[in-house]
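Participant: Take a look at data-v9.pdb, PDB, C-alpha atoms:
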```
ATOM      1  CA  MET A   1     115.798 111.326  95.164
ATOM      2  CA  LEU A   2     114.560 109.894  91.849
ATOM      3  CA  PHE A   3     118.176 109.328  90.802
ATOM      4  CA  LEU A   4     118.768 107.179  93.891
ATOM      5  CA  VAL A   5     115.634 105.135  93.152
ATOM      6  CA  ARG A   6     116.703 104.549  89.545
ATOM      7  CA  LEU A   7     120.191 103.599  90.651
ATOM      8  CA  ALA A   8     118.904 101.153  93.241
ATOM      9  CA  VAL A   9     116.752  99.397  90.651
ATOM     10  CA  PHE A  10     119.590  99.443  88.098
ATOM     11  CA  LEU A  11     121.813  97.686  90.614
ATOM     12  CA  SER A  12     119.212  95.171  91.718
ATOM     13  CA  LEU A  13     119.509  91.585  90.587
ATOM     14  CA  CYS A  14     117.301  90.376  87.749
ATOM     15  CA  GLY A  15     114.565  87.820  88.241
ATOM     16  CA  CYS A  16     112.838  89.276  91.286
ATOM     17  CA  SER A  17     110.367  86.743  92.633
ATOM     18  CA  ASN A  18     106.681  87.309  93.198
ATOM     19  CA  ALA A  19     104.789  86.424  96.345
ATOM     20  CA  GLN A  20     105.393  83.042  97.886
ATOM     21  CA  GLY A  21     103.124  80.098  97.327
ATOM     22  CA  GLN A  22     101.449  81.368  94.157
ATOM     23  CA  THR A  23      99.610  78.907  91.959
ATOM     24  CA  LYS A  24      97.826  80.320  88.931
ATOM     25  CA  GLU A  25      94.250  79.275  88.479
ATOM     26  CA  ASP A  26      92.447  80.261  85.304
ATOM     27  CA  THR A  27      89.168  80.557  87.219
ATOM     28  CA  GLU A  28      90.514  83.414  89.338
ATOM     29  CA  GLU A  29      91.185  86.948  88.190
ATOM     30  CA  VAL A  30      92.061  90.370  89.520
ATOM     31  CA  LYS A  31      88.941  92.550  89.702
ATOM     32  CA  ILE A  32      89.473  96.233  89.000
ATOM     33  CA  GLU A  33      87.113  99.112  89.800
ATOM     34  CA  VAL A  34      88.154 102.547  88.518
ATOM     35  CA  LEU A  35      87.184 105.136  91.128
ATOM     36  CA  HIS A  36      88.599 108.154  89.306
ATOM     37  CA  ARG A  37      90.361 108.598  85.964
ATOM     38  CA  PRO A  38      91.580 112.030  84.797
ATOM     39  CA  GLU A  39      90.031 113.366  81.593
ATOM     40  CA  ASN A  40      93.462 114.167  80.189
ATOM     41  CA  CYS A  41      95.618 111.046  80.148
ATOM     42  CA  SER A  42      98.482 111.173  77.664
ATOM     43  CA  LYS A  43     100.511 108.371  79.242
ATOM     44  CA  THR A  44      99.459 105.103  80.871
ATOM     45  CA  SER A  45     101.533 102.610  82.842
ATOM     46  CA  ARG A  46     103.214  99.658  81.128
ATOM     47  CA  LYS A  47     105.570  96.872  82.134
ATOM     48  CA  GLY A  48     108.994  98.290  82.940
ATOM     49  CA  ASP A  49     107.719 101.767  83.863
ATOM     50  CA  LEU A  50     108.770 103.352  87.149
ATOM     51  CA  LEU A  51     105.626 104.153  89.163
ATOM     52  CA  ASN A  52     105.016 106.350  92.190
ATOM     53  CA  ALA A  53     101.883 105.481  94.151
ATOM     54  CA  HIS A  54     100.126 105.191  97.479
ATOM     55  CA  TYR A  55      98.143 102.066  98.291
ATOM     56  CA  ASP A  56      96.283 100.636 101.273
ATOM     57  CA  GLY A  57      95.813  96.891 101.668
ATOM     58  CA  TYR A  58      92.884  95.147 103.378
ATOM     59  CA  LEU A  59      91.778  91.569 104.018
ATOM     60  CA  ALA A  60      88.659  91.099 101.904
ATOM     61  CA  LYS A  61      86.974  88.779 104.419
ATOM     62  CA  ASP A  62      86.658  91.342 107.215
ATOM     63  CA  GLY A  63      88.005  94.639 105.860
ATOM     64  CA  SER A  64      90.888  94.809 108.331
ATOM     65  CA  ARG A  65      93.815  96.862 107.058
ATOM     66  CA  PHE A  66      97.198  95.140 106.987
ATOM     67  CA  TYR A  67      99.204  97.792 105.124
ATOM     68  CA  CYS A  68      99.162 101.553 104.541
ATOM     69  CA  SER A  69     101.922 103.169 102.485
ATOM     70  CA  ARG A  70     101.117 106.551 104.020
ATOM     71  CA  THR A  71     102.372 105.323 107.392
ATOM     72  CA  GLN A  72     105.689 104.034 105.955
ATOM     73  CA  ASP A  73     108.844 106.042 105.151
ATOM     74  CA  GLU A  74     107.410 109.280 106.590
ATOM     75  CA  GLY A  75     104.366 108.987 104.350
ATOM     76  CA  HIS A  76     106.187 109.194 101.021
ATOM     77  CA  PRO A  77     104.548 107.404  98.068
ATOM     78  CA  LYS A  78     106.209 104.166  96.975
ATOM     79  CA  TRP A  79     108.505 103.902  93.939
ATOM     80  CA  PHE A  80     108.656 100.574  92.107
ATOM     81  CA  VAL A  81     109.049  99.127  88.611
ATOM     82  CA  LEU A  82     105.865  97.633  87.177
ATOM     83  CA  GLY A  83     105.773  94.016  86.082
ATOM     84  CA  VAL A  84     109.066  92.723  87.513
ATOM     85  CA  GLY A  85     108.017  91.348  90.899
ATOM     86  CA  HIS A  86     108.692  94.391  93.066
ATOM     87  CA  VAL A  87     105.096  93.983  94.274
ATOM     88  CA  ILE A  88     102.753  90.971  94.278
ATOM     89  CA  LYS A  89     101.580  89.838  90.864
ATOM     90  CA  GLY A  90      98.038  91.018  91.520
ATOM     91  CA  LEU A  91      99.241  94.596  91.967
ATOM     92  CA  ASP A  92     101.358  94.366  88.808
ATOM     93  CA  ILE A  93      98.167  93.418  86.944
ATOM     94  CA  ALA A  94      95.957  95.919  88.760
ATOM     95  CA  MET A  95      98.251  98.886  88.097
ATOM     96  CA  THR A  96      98.736  98.288  84.370
ATOM     97  CA  ASP A  97      97.238 100.895  82.011
ATOM     98  CA  MET A  98      96.753 103.471  84.791
ATOM     99  CA  CYS A  99      96.979 107.238  84.325
ATOM    100  CA  PRO A 100      98.811 109.547  86.715
ATOM    101  CA  GLY A 101      96.129 110.784  89.099
ATOM    102  CA  GLU A 102      93.952 107.707  88.654
ATOM    103  CA  LYS A 103      92.419 105.887  91.633
ATOM    104  CA  ARG A 104      91.434 102.219  91.673
ATOM    105  CA  LYS A 105      89.943  99.674  94.029
ATOM    106  CA  VAL A 106      91.053  96.126  93.264
ATOM    107  CA  ILE A 107      90.282  92.638  94.536
ATOM    108  CA  ILE A 108      93.180  90.175  94.316
ATOM    109  CA  PRO A 109      92.638  86.412  94.743
ATOM    110  CA  PRO A 110      95.170  84.304  96.702
ATOM    111  CA  SER A 111      96.782  82.916  93.541
ATOM    112  CA  PHE A 112      97.913  86.436  92.609
ATOM    113  CA  ALA A 113      98.793  87.427  96.185
ATOM    114  CA  TYR A 114     100.368  85.236  98.893
ATOM    115  CA  GLY A 115      98.766  81.918  98.007
ATOM    116  CA  LYS A 116      98.432  78.935 100.295
ATOM    117  CA  GLU A 117     101.302  79.978 102.560
ATOM    118  CA  GLY A 118     100.137  83.500 103.347
ATOM    119  CA  TYR A 119     102.559  86.072 104.724
ATOM    120  CA  ALA A 120     102.814  85.896 108.500
ATOM    121  CA  GLU A 121     105.089  88.937 108.816
ATOM    122  CA  GLY A 122     102.503  91.009 106.976
ATOM    123  CA  LYS A 123      99.604  89.538 108.980
ATOM    124  CA  ILE A 124      98.139  87.882 105.888
ATOM    125  CA  PRO A 125      96.701  84.391 106.504
ATOM    126  CA  PRO A 126      96.861  81.499 104.018
ATOM    127  CA  ASN A 127      94.491  81.624 101.029
ATOM    128  CA  ALA A 128      93.593  85.263 101.718
ATOM    129  CA  THR A 129      91.799  87.399  99.151
ATOM    130  CA  LEU A 130      93.103  90.976  99.334
ATOM    131  CA  MET A 131      91.602  94.361  98.552
ATOM    132  CA  PHE A 132      93.709  97.415  97.688
ATOM    133  CA  GLU A 133      92.875 101.074  97.227
ATOM    134  CA  ILE A 134      95.449 102.629  94.902
ATOM    135  CA  GLU A 135      96.291 106.181  93.889
ATOM    136  CA  LEU A 136      98.897 106.604  91.149
ATOM    137  CA  TYR A 137     100.939 109.812  91.150
ATOM    138  CA  ALA A 138     103.561 109.399  88.446
ATOM    139  CA  VAL A 139     104.571 107.202  85.502
ATOM    140  CA  THR A 140     108.122 107.521  84.180
ATOM    141  CA  LYS A 141     110.411 105.424  82.027
ATOM    142  CA  GLY A 142     111.908 102.661  84.121
ATOM    143  CA  PRO A 143     115.666 102.226  84.520
ATOM    144  CA  ARG A 144     115.527  98.997  82.490
ATOM    145  CA  SER A 145     113.230 100.153  79.708
ATOM    146  CA  ILE A 146     114.215  99.757  76.074
ATOM    147  CA  GLU A 147     114.351 103.567  75.820
ATOM    148  CA  THR A 148     116.984 103.720  78.562
ATOM    149  CA  PHE A 149     118.988 100.902  76.951
ATOM    150  CA  LYS A 150     119.079 102.812  73.659
ATOM    151  CA  GLN A 151     120.042 106.005  75.480
ATOM    152  CA  ILE A 152     123.036 104.289  77.083
ATOM    153  CA  ASP A 153     124.016 102.429  73.883
ATOM    154  CA  THR A 154     125.615 105.428  72.171
ATOM    155  CA  ASP A 155     127.284 103.422  69.370
ATOM    156  CA  ASN A 156     124.075 101.456  68.617
ATOM    157  CA  ASP A 157     125.761  98.044  68.703
ATOM    158  CA  LYS A 158     123.019  96.554  70.924
ATOM    159  CA  GLN A 159     125.331  95.958  73.864
ATOM    160  CA  LEU A 160     126.523  98.173  76.689
ATOM    161  CA  SER A 161     130.212  98.709  77.344
ATOM    162  CA  LYS A 162     131.753  99.931  80.583
ATOM    163  CA  ALA A 163     132.567 103.237  78.909
ATOM    164  CA  GLU A 164     128.938 103.755  77.850
ATOM    165  CA  ILE A 165     127.518 102.952  81.277
ATOM    166  CA  GLU A 166     130.195 105.063  82.987
ATOM    167  CA  LEU A 167     129.190 108.049  80.836
ATOM    168  CA  TYR A 168     125.487 107.507  81.593
ATOM    169  CA  LEU A 169     126.138 107.216  85.331
ATOM    170  CA  GLN A 170     128.370 110.295  85.295
ATOM    171  CA  LYS A 171     125.532 112.389  83.851
ATOM    172  CA  ASP A 172     123.115 111.073  86.477
ATOM    173  CA  PHE A 173     125.619 111.567  89.309
ATOM    174  CA  GLU A 174     125.916 115.222  88.276
ATOM    175  CA  LYS A 175     122.161 115.628  88.900
ATOM    176  CA  ASP A 176     122.463 114.332  92.455
ATOM    177  CA  GLU A 177     122.187 116.920  95.216
ATOM    178  CA  ASN A 178     125.128 115.311  97.040
ATOM    179  CA  PRO A 179     127.855 114.552  94.486
ATOM    180  CA  ARG A 180     129.970 111.440  95.111
ATOM    181  CA  ASP A 181     133.694 111.076  94.557
ATOM    182  CA  LYS A 182     135.260 109.071  91.711
ATOM    183  CA  SER A 183     135.947 106.029  93.886
ATOM    184  CA  TYR A 184     132.233 105.673  94.675
ATOM    185  CA  GLN A 185     131.287 106.019  91.000
ATOM    186  CA  LYS A 186     133.840 103.361  90.068
ATOM    187  CA  ALA A 187     132.461 101.013  92.745
ATOM    188  CA  VAL A 188     128.936 101.441  91.357
ATOM    189  CA  LEU A 189     130.145 100.661  87.822
ATOM    190  CA  GLU A 190     131.981  97.526  88.970
ATOM    191  CA  ASP A 191     128.937  96.375  90.913
ATOM    192  CA  ILE A 192     126.683  96.792  87.860
ATOM    193  CA  PHE A 193     128.952  94.558  85.773
ATOM    194  CA  LYS A 194     129.395  92.039  88.562
ATOM    195  CA  LYS A 195     125.634  91.581  88.852
ATOM    196  CA  ASN A 196     124.644  91.891  85.184
ATOM    197  CA  ASP A 197     127.515  90.758  82.930
ATOM    198  CA  HIS A 198     126.667  87.070  83.378
ATOM    199  CA  ASN A 199     128.973  85.704  80.650
ATOM    200  CA  ARG A 200     131.829  87.996  81.733
ATOM    201  CA  ASP A 201     132.540  89.262  78.203
ATOM    202  CA  GLY A 202     132.848  92.885  79.315
ATOM    203  CA  PHE A 203     129.498  93.900  77.815
ATOM    204  CA  ILE A 204     125.875  93.851  78.983
ATOM    205  CA  SER A 205     123.475  92.472  76.385
ATOM    206  CA  PRO A 206     119.736  93.287  76.192
ATOM    207  CA  LYS A 207     119.019  89.917  77.818
ATOM    208  CA  GLU A 208     121.502  90.546  80.636
ATOM    209  CA  TYR A 209     120.147  94.077  81.065
ATOM    210  CA  ASN A 210     116.711  92.480  81.379
ATOM    211  CA  VAL A 211     115.047  94.996  79.074
ATOM    212  CA  HIS A 212     111.308  95.332  79.639
ATOM    213  CA  GLN A 213     110.480  95.809  75.984
ATOM    214  CA  HIS A 214     107.624  97.866  74.627
ATOM    215  CA  ASP A 215     109.045  97.439  71.106
ATOM    216  CA  GLU A 216     111.785  95.307  69.570
ATOM    217  CA  LEU A 217     115.390  96.503  69.733
TER     218      LEU A 217
END
```
Could the structure of this file be written out as structure tokens, please?
Facilitator:
Amino acid sequence: MLFLVRLAVFLSLCGCSNAQGQTKEDTEEVKIEVLHRPENCSKTSRKGDLLNAHYDGYLAKDGSRFYCSRTQDEGHPKWFVLGVGHVIKGLDIAMTDMCPGEKRKVIIPPSFAYGKEGYAEGKIPPNATLMFEIELYAVTKGPRSIETFKQIDTDNDKQLSKAEIELYLQKDFEKDENPRDKSYQKAVLEDIFKKNDHNRDGFISPKEYNVHQHDEL
């Protein structure tokens, strides 16, 4: 299952957008209350990490719940990459530096949520302040982390060739419970280059890969 999540994020286009209608205001901030933090915490979440978490969302004005991850996808926790717009900006901020097993309650102002436009489909009105209760289960290296880039870049030339990515994918495909045939693997490889090799030079650079750097390459 984790392989499929990593693959989906690997294939996704760069530049995911945050919530609509956001306007940053220096006077507003995300308020974080730590409800529980494990005594032993050897790893905390950073931009580019792949997180697994449950979270419930409420309207701050009346406490009505508009979202519960436990009622979606048969109750499975959500997988997403931190800091790239997979969730609203307020959640990206609120879930930074969390430990696996940690619980937080956060208040997110409109400028870091759905702004002046709101989100009608999600029953969130314009200029709504949101409250989330979050429980983080796992923190792993994201599919676009600098560590993963270096792992794929076997010749250390700071660019990824088709052969290098094909080898990396082959190893991950072998871990899948339902192995795919060669034609499927080839289609995945071609799709990766179609979406990420922007200058069409046959290689994927760190910029094209959209590395979420913790350190310099």
Participant: Kindly give the distance, in Å, that separates atom CA of Gln151 of chain A and atom CA of Gly48 of chain A, rounded to a single decimal.
Facilitator: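 It comes out at 15.4 Å.
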Participant: Do a neighbour search on Leu51 of chain A at 8 Å with only C-alpha atoms, toss out local chain neighbours closer than 6 positions, and write the hits as a count of residues only.
Facilitator: 11
Participant: Set out as a tab-separated table a contact list for segment 65-159 of chain A and segment 200-209 of chain A with a cut-off of 12 Å, giving each residue of segment 65-159 of chain A that qualifies its closest atom pair and distance in Å to one decimal, counting only C-alpha atoms, ordered by chain and rising residue number.
Facilitator:
```
residue	atom	partner	partner_atom	distance
A:Pro143	CA	A:Tyr209	CA	9.9
A:Arg144	CA	A:Tyr209	CA	6.9
A:Ser145	CA	A:Tyr209	CA	9.3
A:Ile146	CA	A:Pro206	CA	8.5
A:Glu147	CA	A:Pro206	CA	11.6
A:Thr148	CA	A:Tyr209	CA	10.5
A:Phe149	CA	A:Pro206	CA	7.7
A:Lys150	CA	A:Pro206	CA	9.9
A:Ile152	CA	A:Ile204	CA	11.0
A:Asp153	CA	A:Ile204	CA	10.2
A:Asn156	CA	A:Ser205	CA	11.9
A:Asp157	CA	A:Ser205	CA	9.8
A:Lys158	CA	A:Ser205	CA	6.8
A:Gln159	CA	A:Ser205	CA	4.7
```
Participant: Out of A:Ile134, A:Asn52, A:Asp181, A:Leu169, which residue has the shortest atom-to-atom distance to Lys103 of chain A when counting only C-alpha atoms?
Facilitator: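 Under the stated criterion, the closest residue is A:Ile134.
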Participant: If we count all atoms listed in the file and set the cut-off at 6 Å, which residues sit around His54 of chain A, ignoring sequence neighbours fewer than 3 positions away in its own chain? Please answer as a PDB file with C-alpha atoms, in the coordinates of the input.
Facilitator:
```
ATOM      1  CA  SER A  69     101.922 103.169 102.485  1.00  0.00           C
ATOM      2  CA  PRO A  77     104.548 107.404  98.068  1.00  0.00           C
ATOM      3  CA  ILE A 134      95.449 102.629  94.902  1.00  0.00           C
ATOM      4  CA  GLU A 135      96.291 106.181  93.889  1.00  0.00           C
TER       5      GLU A 135
END
```
Participant: Please report the interatomic distance between atom CA of Leu130 of chain A and atom CA of Leu35 of chain A in Å with one decimal.
Facilitator: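 Atom-to-atom, atom CA of Leu130 of chain A and atom CA of Leu35 of chain A are spaced 17.4 Å apart.
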Participant: Please list as a short mmCIF file (atom, residue, chain, number, x, y, z; two decimals) with C-alpha atoms, in the coordinates of the input every residue within 9 Å of segment 124-127 of chain A, counting all atoms listed in the file and excluding residues in the same chain fewer than 3 positions away.
Facilitator:
```
data_model
loop_
_atom_site.label_atom_id
_atom_site.label_comp_id
_atom_site.auth_asym_id
_atom_site.auth_seq_id
_atom_site.Cartn_x
_atom_site.Cartn_y
_atom_site.Cartn_z
CA LEU A 59 91.78 91.57 104.02
CA PHE A 66 97.20 95.14 106.99
CA PRO A 109 92.64 86.41 94.74
CA PRO A 110 95.17 84.30 96.70
CA SER A 111 96.78 82.92 93.54
CA ALA A 113 98.79 87.43 96.18
CA TYR A 114 100.37 85.24 98.89
CA GLY A 115 98.77 81.92 98.01
CA LYS A 116 98.43 78.94 100.30
CA GLU A 117 101.30 79.98 102.56
CA GLY A 118 100.14 83.50 103.35
CA TYR A 119 102.56 86.07 104.72
CA ALA A 120 102.81 85.90 108.50
CA GLU A 121 105.09 88.94 108.82
CA LEU A 130 93.10 90.98 99.33
#
```
Participant: Of the candidates A:Lys61, A:Arg37, A:Lys47, A:Lys123, which one gets nearest to Lys89 of chain A if we count only C-alpha atoms?
Facilitator: A:Lys47
Participant: If I take atom CA of Leu189 of chain A and atom CA of Gly85 of chain A, how far is one from the other in Å, to one decimal?
Facilitator: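 Here the two named atoms are 24.2 Å from each other.
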Participant: Counting all atoms listed in the file, which residues have an atom no more than 9 Å from (95.9, 102.0, 84.7) in the file's coordinates? Please list them as number ranges by chain.
Facilitator: A: 34, 37, 44-46, 94-100, 102-104, 136
Participant: Restricting the calculation to only C-alpha atoms: of A:Gly83, A:Pro38, A:Gly63, A:Gly122, which residue gets closest to Ile107 of chain A?
Facilitator: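 Looking at the shortest contact to Ile107 of chain A, the residue is A:Gly63.
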Participant: Determine the residue set returned by the PyMOL selection byres ((chain A and resi 162) around 8) for the present structure, and present it as a PyMOL selection string.
Facilitator: chain A and resi 160-161+163-166+189+193+202-203
Participant: Write out as a ChimeraX atom specification each polymer residue whose atoms come within 8 Å of Ile88 of chain A, counting only C-alpha atoms; drop sequence neighbours fewer than 2 positions from it.
Facilitator: /A:18-19,85-86,90-92,112-114
Participant: So, counting only C-alpha atoms, which residue among A:Tyr168, A:Phe132, A:Tyr58, A:Tyr184 is closest to Lys31 of chain A?
Facilitator: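 With only C-alpha atoms as the atom set, the closest residue is A:Phe132.
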Participant: When distances are computed from only C-alpha atoms, which of A:His198, A:Asp73, A:Glu174, A:Gly101 shows the smallest separation from Asn40 of chain A?
Facilitator: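 Ranking A:His198, A:Asp73, A:Glu174, A:Gly101 by distance to Asn40 of chain A, first place goes to A:Gly101.
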Participant: What do you get, as a list in words, if you spell out every residue that the PyMOL selection byres ((chain A and resi 67) around 6) selects here?
Facilitator: Asp56, Gly57, Arg65, Phe66 and Cys68 of chain A
